[in-house]
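Below is one structure; the comments refer to it alone.
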Amino acid sequence: MTTKSLFLLLMLPLAGCSIEAVKPWDRDLLAQEKMQLVPDPIENTLDEHIYFSKEASFGGQGVGGGGCGCN
Amino acid sequence: MQLNNKSSVRAALAAATCTVLSHPLQAAQSSDGWDVKGGLLYYSEADRVTVIAPAISASKTTEAGDKLTFRAIYDSLTGASPNGATPTNTPQTFTSPSGQSTYTTPAGETPMRDLTDVRIAVGLDWEHELSRLVRNAMSGNFSAERDYLSLSVSDTLSKDYNNRMTTLTAGVGLTLDVVKPEGGAPVGLQLINAPATGELEDDNQKTAVDVLFGVTQILNRSTLTQLNYSHTTSSGYLTEPYKILSVIDPLTGETVPDPSPTAPANTYLYRYEKRPDTRNSDSLYWKLQHQLTEDVIYFSYRYFQDDWGIRSHTMDLKYRYELAGGRYLQPHYRQYQQTAADFYRHSLVDNMPLPEFASADLRLGEMTSNTVGLKFGMPLQDGEFSILVEKMTQTGESHPADAIGIQRNYDLYPTLDATIVQIGYRTVF
C-alpha cells in the first residue's frame with residue numbers, strides 16, 4: 001500500500017465525523033489535563049525510549065528527540 | 001472537571017479561553033511555581049537486560065505566556081543482549097569488542113554479549129506565543145553514553161484556524177550522533193577475528209533530519225483528533241558496531257570453525273554486520289481521543305515505512321476509567337507488527353558471495369510485539385501519583401524456512417519478555 005493511499009484511508013474516519021463548533025466557553029472538557037494529546041509527558045518519553053530501542057520503527061508524534069546507542 | 005480551589009477555577013477559565021490543541025495545555029499549572037514531574041522506569045527482560053531510569057522534568061509558565069521545560073533522564077543498563085550469532089551444537093567462544101576478554105555461550109543457546117552502560121540525557125523546551133494564533137516550540141536535547149553521543153534540536157510552528165478548532169503544525173528536527181565503539185568501528189562484513197583491512201575510525205557520525213506536518217482538529221466538545229505525517233532522512237554510520245553474523249556450513253548448518261591454526265578452541269567464523277549508510281522513513285500517525293461521561297478513550301495508529309524494507313503497524317489503545325476521589329485505572333494495550341529489513345538474515349552461508357549489506361539484529365527481523373498494562377493514578381494535594389505495570393512480549397520467526405541443517409533444531413528468534421514498571425509523581429513548587 002502506498003503512503004498516499006494509506007493517508008487517504010486514514011482520513012476517512014475524519015471525513016466521516018461531523019465537526020461541531022465548540023465555543024471557547026464549552027472547552028472545559030478538552031482543557032482537562034487528561035484530554036491533552038500527551039497527558040503524561042514523562043511516561044510518553046520513557047515509553048517511546050523503550051520502543052525506539054526495541055523496534056525498527058520510530059517517531060510519529062513529533063520531531064527530534066535524543067538518540068541512543070541502544071545496542 | 002474537578003474545581004477544588006480558586007486556582008483551579010482560574011485555571012479552568014484560562015483553559016477555556018486558550019487553545020487546547022497542539023501544545024500541552026498550561027492551564028493546570030501555576031505561573032508562580034514550577035510544575036515538577038518525576039518518573040522512575042524499571043524495565044527488565046527475562047534473561048537479558050535490565051534498565052533503571054529515573055527521569056525528571058520541571059516546567060514554568062511565565063507571565064508572558066512562555067513555557068520553559070527542563071528535562072533529564074539517567075539510564076542505567078545491565079545484563080546481556082543477543083550479539084547476532086546463531087545457536088550451534090557446540091559451545092561458542094567470543095572475544096569482546098575491546099579484545100580484552102572472552103565469553104562462551106553453551107551449545108544450543110543464543111549467544112549474548114554482556115552489557116553495562118549508563119546514559120544521561122538532558123533537554124530544554126521553550127514554547128513561545130508569536131501572535132494570538134501562532135506558537136513556536138523549540139527543543140534541544142543532549143545525551144551521552146560511554147560510546148555514544150547525541151545532540152538534537154527541533155523547532156515546531158503551530159497556527160490555529162477555524163475559531164481555534166483546527167491547528168496546523170509544521171516541525172523540523174536535526175540530530176547529530178557520534179558513535180564511538182569500544183575497540184573502534186569495525187569494517188562491515190569483515191571476519192571478526194581477522195586483521196582489519198579497512199579504515200578504522202574512532203568516531204563515526206550519523207545525522208538525521210526530521211520534518212513533520214500535522215493537523216489537530218476538535219471534533220466536538222469531548223473529542224479531539226490528530227494526524228501527523230513525518231519524514232526522516234538518516235545518513236552516516238547506521239550500523240550496530242557490536243552485532244555480528246554467524247558463518248554457517250551450507251549443508252550441516254553448523255557454525256564454521258575458525259580455520260586459523262592459532263585459533264583457540266570453540267572459536268568460529270563470524271562477520272560484523274553492515275547496514276546501508278542512508279535511511280529514509282515515513283510515518284503517518286493518527287490519534288483520536290474521546291471523553292465519555294468522565295472516562296477517556298485514547299486510540300492511536302501509526303504506519304511506518306522505510307527504504308530498508310521495513311513496514312510496520314502500531315495500534316495503541318488506552319482507557320482511563322475514573323474511580324472515586326479523582327483516582328483512576330487505565331488499562332493499556334499496544335500491538336506492533338513489522339516486516340524484516342531487506343538485508344536481515346539470521347546467518348551467512350559459507351562459500352557464498354557476500355551480500356552488500358547484512359544484519360542479524362533481531363530488531364530488524366519480522367516481528368510482532370504486544371504490550372499489556374495497567375496504570376493506577378491518584379491525586380495528591382498539589383499533584384498526582386501514578387504507577388504503571390506492563391508486560392511486553394516480542395515474537396518473531398523462530399524457525400524460518402531458510403534455516404539449514406541443525407539450525408532447524410534451534411530457536412532463531414527467541415521470544416523477548418519484558419516487564420515494565422513506571423512510577424510517576426507530580427507536584428508544584
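Chain labels run A, B, ... following the order of the C-alpha cells; each chain numbers its residues from 1, and ligands are numbered from 1 in the order shown.
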
Could you list, with a cut-off of 8 Å and counting only C-alpha atoms, the residues of chain A near chain B, each shown with its nearest atom pair and the distance in Å rounded to one decimal, rows sorted by chain and ascending number, as a Markdown table?
```
| residue | atom | partner | partner_atom | distance |
| --- | --- | --- | --- | --- |
| A:Phe7 | CA | B:Leu284 | CA | 7.2 |
| A:Leu10 | CA | B:Trp286 | CA | 7.5 |
| A:Cys17 | CA | B:Leu219 | CA | 7.2 |
| A:Ser18 | CA | B:Leu219 | CA | 7.0 |
| A:Ile19 | CA | B:Leu219 | CA | 4.6 |
| A:Glu20 | CA | B:Asn220 | CA | 5.0 |
| A:Ala21 | CA | B:Asn220 | CA | 6.7 |
| A:Val22 | CA | B:Arg221 | CA | 5.9 |
| A:Pro24 | CA | B:Ala16 | CA | 5.3 |
| A:Trp25 | CA | B:Ala16 | CA | 5.3 |
| A:Asp26 | CA | B:Arg221 | CA | 6.6 |
| A:Arg27 | CA | B:Ala16 | CA | 5.2 |
| A:Asp28 | CA | B:Ala16 | CA | 5.7 |
| A:Leu29 | CA | B:Ser222 | CA | 6.1 |
| A:Leu30 | CA | B:Ser222 | CA | 6.1 |
| A:Ala31 | CA | B:Ala15 | CA | 5.4 |
| A:Gln32 | CA | B:Met1 | CA | 6.8 |
| A:Glu33 | CA | B:Leu25 | CA | 7.1 |
| A:Lys34 | CA | B:Val296 | CA | 7.7 |
| A:Met35 | CA | B:Gln289 | CA | 7.4 |
| A:Gln36 | CA | B:Pro24 | CA | 6.0 |
| A:Leu37 | CA | B:Pro24 | CA | 7.0 |
| A:Val38 | CA | B:Pro24 | CA | 6.9 |
| A:Pro39 | CA | B:Pro24 | CA | 7.8 |
| A:Ile42 | CA | B:Gly39 | CA | 6.5 |
| A:Glu43 | CA | B:Gly39 | CA | 7.3 |
| A:Leu46 | CA | B:Leu41 | CA | 7.2 |
| A:Lys54 | CA | B:Arg363 | CA | 6.1 |
| A:Glu55 | CA | B:Arg363 | CA | 5.3 |
| A:Ala56 | CA | B:Arg363 | CA | 5.8 |
| A:Ser57 | CA | B:Phe304 | CA | 6.5 |
| A:Phe58 | CA | B:Phe304 | CA | 7.9 |
| A:Gly59 | CA | B:Ser283 | CA | 7.3 |
| A:Gly60 | CA | B:Tyr285 | CA | 5.2 |
| A:Gln61 | CA | B:Tyr285 | CA | 6.8 |
| A:Gly62 | CA | B:Leu212 | CA | 6.9 |
| A:Val63 | CA | B:Gly173 | CA | 5.2 |
| A:Gly64 | CA | B:Gly173 | CA | 4.5 |
| A:Gly65 | CA | B:Asn141 | CA | 6.4 |
| A:Gly66 | CA | B:Asn141 | CA | 5.6 |
| A:Gly67 | CA | B:Ser150 | CA | 5.5 |
| A:Cys68 | CA | B:Ser150 | CA | 6.8 |
| A:Gly69 | CA | B:Tyr148 | CA | 5.8 |
| A:Asn71 | CA | B:Glu240 | CA | 6.9 |
```

Restricted to C-alpha atoms, what would the selected residues look like written as a PDB file, in the first residue's frame?
```pdb
ATOM      1  CA  PHE A   7      -3.123   8.599   4.030  1.00  0.00           C
ATOM      2  CA  LEU A  10      -6.692   7.266   7.437  1.00  0.00           C
ATOM      3  CA  CYS A  17     -17.053  12.695  11.617  1.00  0.00           C
ATOM      4  CA  SER A  18     -19.322  15.635  11.820  1.00  0.00           C
ATOM      5  CA  ILE A  19     -17.469  18.558  13.283  1.00  0.00           C
ATOM      6  CA  GLU A  20     -19.433  20.568  15.791  1.00  0.00           C
ATOM      7  CA  ALA A  21     -18.386  24.105  16.528  1.00  0.00           C
ATOM      8  CA  VAL A  22     -17.187  24.281  20.119  1.00  0.00           C
ATOM      9  CA  PRO A  24     -14.318  28.670  23.909  1.00  0.00           C
ATOM     10  CA  TRP A  25     -16.545  28.538  26.994  1.00  0.00           C
ATOM     11  CA  ASP A  26     -17.536  24.982  26.086  1.00  0.00           C
ATOM     12  CA  ARG A  27     -13.988  23.685  26.104  1.00  0.00           C
ATOM     13  CA  ASP A  28     -13.846  22.728  29.754  1.00  0.00           C
ATOM     14  CA  LEU A  29     -13.607  19.022  28.972  1.00  0.00           C
ATOM     15  CA  LEU A  30     -10.974  19.487  26.302  1.00  0.00           C
ATOM     16  CA  ALA A  31      -8.987  21.687  28.649  1.00  0.00           C
ATOM     17  CA  GLN A  32      -8.610  18.972  31.233  1.00  0.00           C
ATOM     18  CA  GLU A  33      -5.166  17.557  31.593  1.00  0.00           C
ATOM     19  CA  LYS A  34      -6.365  14.056  30.810  1.00  0.00           C
ATOM     20  CA  MET A  35      -7.613  15.357  27.437  1.00  0.00           C
ATOM     21  CA  GLN A  36      -4.242  16.727  26.361  1.00  0.00           C
ATOM     22  CA  LEU A  37      -2.648  14.971  23.414  1.00  0.00           C
ATOM     23  CA  VAL A  38       0.164  13.869  25.701  1.00  0.00           C
ATOM     24  CA  PRO A  39      -1.350  13.772  29.181  1.00  0.00           C
ATOM     25  CA  ILE A  42       7.393  11.589  31.147  1.00  0.00           C
ATOM     26  CA  GLU A  43       5.527   8.325  30.704  1.00  0.00           C
ATOM     27  CA  LEU A  46      10.035   6.618  28.668  1.00  0.00           C
ATOM     28  CA  LYS A  54      13.476  -2.459  20.708  1.00  0.00           C
ATOM     29  CA  GLU A  55      11.783  -1.925  17.358  1.00  0.00           C
ATOM     30  CA  ALA A  56      12.842  -0.782  13.908  1.00  0.00           C
ATOM     31  CA  SER A  57      10.225   1.970  13.696  1.00  0.00           C
ATOM     32  CA  PHE A  58      10.194   5.315  15.419  1.00  0.00           C
ATOM     33  CA  GLY A  59       8.536   8.694  15.603  1.00  0.00           C
ATOM     34  CA  GLY A  60       5.148   9.901  14.533  1.00  0.00           C
ATOM     35  CA  GLN A  61       4.265  12.152  17.421  1.00  0.00           C
ATOM     36  CA  GLY A  62       6.874  14.840  16.934  1.00  0.00           C
ATOM     37  CA  VAL A  63      10.282  15.780  15.617  1.00  0.00           C
ATOM     38  CA  GLY A  64      13.748  15.486  17.097  1.00  0.00           C
ATOM     39  CA  GLY A  65      14.393  13.811  20.404  1.00  0.00           C
ATOM     40  CA  GLY A  66      17.508  12.245  21.810  1.00  0.00           C
ATOM     41  CA  GLY A  67      19.190   9.328  20.124  1.00  0.00           C
ATOM     42  CA  CYS A  68      20.850   6.445  21.850  1.00  0.00           C
ATOM     43  CA  GLY A  69      23.240   3.602  21.132  1.00  0.00           C
ATOM     44  CA  ASN A  71      22.698  -1.881  21.366  1.00  0.00           C
TER      45      ASN A  71
END
```

Open item on the list: Taking only stretch 115-322 of chain B into account, list the residues labelled strand (DSSP E) by DSSP (computed from the backbone), as a count of residues only.
Closed with: 131

Task: atom CA of B:Leu245 to atom CA of B:Ser359, distance in Å rounded to a single decimal - done: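 So the answer is 6.8 Å.
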
TODO: Name the residues in contact with B:Gln92 at a cut-off of 8 Å, using only C-alpha atoms, excluding same-chain residues fewer than 2 positions from it; report them as a ChimeraX atom specification.
DONE: /B:88,90,94,104-107,111,266-268

- [ ] Tell me which of B:Ala360, B:Val118, B:Val349, B:Ala64 sits closest to B:Thr78, counting only C-alpha atoms.
- [x] B:Val118

TODO: Between atom CA of B:Tyr333 and atom CA of B:Pro379, measure the distance and give it in Å to one decimal.
DONE: 23.8 Å

- [ ] Using only C-alpha atoms, determine which residues lie at most 8 Å from B:Gly373, disregarding the query and same-chain residues fewer than 4 positions distant; provide the list as a ChimeraX atom specification.
- [x] /B:331-333,388-391

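Of note, atom CA of B:Asp411 and atom CA of B:His346 are spaced 10.8 Å apart.
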
Write out as a JSON list (two decimals) with N, CA and C atoms, in the first residue's frame the residues lying within 12 Å of stretch 251-257 of chain B, counting only C-alpha atoms and excluding same-chain residues fewer than 6 positions away.
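Heads up, here's the output in result.json:
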```
[["chain", "number", "residue", "atom", "x", "y", "z"],
["B", 85, "ALA", "N", 24.87, -13.76, 16.61],
["B", 85, "ALA", "CA", 25.25, -15.12, 16.21],
["B", 85, "ALA", "C", 24.12, -16.10, 16.51],
["B", 86, "THR", "N", 24.07, -17.18, 15.75],
["B", 86, "THR", "CA", 23.01, -18.17, 15.97],
["B", 86, "THR", "C", 23.50, -19.28, 16.90],
["B", 87, "PRO", "N", 22.58, -19.99, 17.53],
["B", 87, "PRO", "CA", 22.99, -21.15, 18.33],
["B", 87, "PRO", "C", 23.61, -22.22, 17.42],
["B", 88, "THR", "N", 24.48, -23.02, 17.98],
["B", 88, "THR", "CA", 25.02, -24.16, 17.24],
["B", 88, "THR", "C", 25.20, -25.32, 18.22],
["B", 89, "ASN", "N", 25.70, -26.45, 17.71],
["B", 89, "ASN", "CA", 25.71, -27.67, 18.54],
["B", 89, "ASN", "C", 26.96, -27.82, 19.40],
["B", 90, "THR", "N", 27.75, -26.77, 19.47],
["B", 90, "THR", "CA", 28.93, -26.79, 20.35],
["B", 90, "THR", "C", 28.98, -25.45, 21.08],
["B", 91, "PRO", "N", 29.74, -25.38, 22.18],
["B", 91, "PRO", "CA", 29.91, -24.07, 22.82],
["B", 91, "PRO", "C", 30.61, -23.11, 21.86],
["B", 92, "GLN", "N", 30.32, -21.83, 22.01],
["B", 92, "GLN", "CA", 30.95, -20.82, 21.14],
["B", 92, "GLN", "C", 31.66, -19.79, 22.02],
["B", 93, "THR", "N", 32.89, -19.52, 21.68],
["B", 93, "THR", "CA", 33.66, -18.53, 22.45],
["B", 93, "THR", "C", 33.85, -17.28, 21.60],
["B", 107, "ALA", "N", 26.37, -24.78, 24.14],
["B", 107, "ALA", "CA", 25.78, -25.34, 22.92],
["B", 107, "ALA", "C", 24.26, -25.17, 22.96],
["B", 108, "GLY", "N", 23.71, -24.82, 21.82],
["B", 108, "GLY", "CA", 22.25, -24.75, 21.70],
["B", 108, "GLY", "C", 21.63, -23.47, 22.22],
["B", 191, "LEU", "N", 35.49, -10.55, 8.69],
["B", 191, "LEU", "CA", 35.55, -11.58, 9.74],
["B", 191, "LEU", "C", 36.04, -10.95, 11.04],
["B", 193, "ASN", "N", 37.66, -12.02, 13.62],
["B", 193, "ASN", "CA", 38.98, -12.31, 14.17],
["B", 193, "ASN", "C", 40.12, -11.98, 13.21],
["B", 245, "LEU", "N", 27.29, -11.73, 12.60],
["B", 245, "LEU", "CA", 26.51, -12.82, 11.99],
["B", 245, "LEU", "C", 27.38, -14.08, 11.99],
["B", 263, "ALA", "N", 43.90, -20.46, 16.30],
["B", 263, "ALA", "CA", 42.60, -20.14, 16.90],
["B", 263, "ALA", "C", 42.37, -20.98, 18.15],
["B", 264, "PRO", "N", 41.93, -20.37, 19.25],
["B", 264, "PRO", "CA", 41.62, -21.13, 20.46],
["B", 264, "PRO", "C", 40.43, -22.06, 20.21],
["B", 265, "ALA", "N", 40.22, -22.98, 21.13],
["B", 265, "ALA", "CA", 39.10, -23.92, 21.00],
["B", 265, "ALA", "C", 37.77, -23.17, 20.98],
["B", 266, "ASN", "N", 36.82, -23.76, 20.30],
["B", 266, "ASN", "CA", 35.44, -23.24, 20.26],
["B", 266, "ASN", "C", 35.35, -21.84, 19.64],
["B", 267, "THR", "N", 36.28, -21.51, 18.78],
["B", 267, "THR", "CA", 36.13, -20.24, 18.07],
["B", 267, "THR", "C", 35.72, -20.53, 16.63],
["B", 268, "TYR", "N", 34.82, -19.73, 16.16],
["B", 268, "TYR", "CA", 34.19, -19.98, 14.86],
["B", 268, "TYR", "C", 34.26, -18.72, 14.01],
["B", 269, "LEU", "N", 33.70, -18.84, 12.82],
["B", 269, "LEU", "CA", 33.73, -17.69, 11.90],
["B", 269, "LEU", "C", 32.46, -16.85, 12.07],
["B", 270, "TYR", "N", 32.69, -15.58, 12.25],
["B", 270, "TYR", "CA", 31.60, -14.61, 12.34],
["B", 270, "TYR", "C", 32.03, -13.38, 11.56],
["B", 271, "ARG", "N", 31.03, -12.68, 11.04],
["B", 271, "ARG", "CA", 31.32, -11.42, 10.36],
["B", 271, "ARG", "C", 30.55, -10.29, 11.04],
["B", 346, "HIS", "N", 19.45, -14.40, 9.37],
["B", 346, "HIS", "CA", 19.87, -14.94, 10.67],
["B", 346, "HIS", "C", 21.33, -15.35, 10.65],
["B", 347, "SER", "N", 21.89, -15.62, 9.43],
["B", 347, "SER", "CA", 23.30, -16.02, 9.36],
["B", 347, "SER", "C", 23.77, -15.87, 7.92],
["B", 348, "LEU", "N", 25.07, -16.05, 7.73],
["B", 348, "LEU", "CA", 25.66, -16.03, 6.39],
["B", 348, "LEU", "C", 26.13, -17.44, 6.04],
["B", 349, "VAL", "N", 25.95, -17.84, 4.79],
["B", 349, "VAL", "CA", 26.34, -19.19, 4.38],
["B", 349, "VAL", "C", 27.76, -19.15, 3.84],
["B", 350, "ASP", "N", 28.56, -20.08, 4.33],
["B", 350, "ASP", "CA", 29.98, -20.13, 3.94],
["B", 350, "ASP", "C", 30.12, -20.40, 2.43],
["B", 351, "ASN", "N", 31.15, -19.85, 1.85],
["B", 351, "ASN", "CA", 31.48, -20.05, 0.43],
["B", 351, "ASN", "C", 30.44, -19.47, -0.52],
["B", 402, "ASP", "N", 14.30, -20.74, 5.74],
["B", 402, "ASP", "CA", 15.64, -20.87, 5.14],
["B", 402, "ASP", "C", 16.69, -21.35, 6.14],
["B", 403, "ALA", "N", 16.25, -21.86, 7.29],
["B", 403, "ALA", "CA", 17.21, -22.45, 8.24],
["B", 403, "ALA", "C", 17.82, -23.69, 7.59],
["B", 404, "ILE", "N", 19.08, -23.91, 7.88],
["B", 404, "ILE", "CA", 19.81, -25.03, 7.25],
["B", 404, "ILE", "C", 20.22, -26.05, 8.31],
["B", 405, "GLY", "N", 20.05, -27.32, 7.99],
["B", 405, "GLY", "CA", 20.57, -28.40, 8.83],
["B", 405, "GLY", "C", 20.19, -28.26, 10.30],
["B", 406, "ILE", "N", 21.21, -28.25, 11.15],
["B", 406, "ILE", "CA", 20.94, -28.22, 12.59],
["B", 406, "ILE", "C", 20.28, -26.93, 13.06],
["B", 407, "GLN", "N", 20.32, -25.91, 12.22],
["B", 407, "GLN", "CA", 19.66, -24.66, 12.62],
["B", 407, "GLN", "C", 18.17, -24.87, 12.87],
["B", 408, "ARG", "N", 17.62, -25.89, 12.19],
["B", 408, "ARG", "CA", 16.19, -26.16, 12.36],
["B", 408, "ARG", "C", 15.87, -26.64, 13.77],
["B", 409, "ASN", "N", 16.91, -27.08, 14.49],
["B", 409, "ASN", "CA", 16.68, -27.56, 15.86],
["B", 409, "ASN", "C", 16.65, -26.42, 16.87],
["B", 410, "TYR", "N", 17.04, -25.24, 16.45],
["B", 410, "TYR", "CA", 17.21, -24.16, 17.41],
["B", 410, "TYR", "C", 16.24, -23.01, 17.15]]
```

Task: Contacts of B:Asp32 within 10 Å, only C-alpha atoms, excl. fewer than 2 positions in-chain, as number ranges by chain - done: B: 29-30, 34-35, 60-63, 428-429

Task: B:Lys274 environment, 9 Å, only C-alpha atoms, sequence neighbours closer than 3 positions dropped, as a PyMOL selection string - done: chain B and resi 187-189+238-241+243-244+277+343+356-359
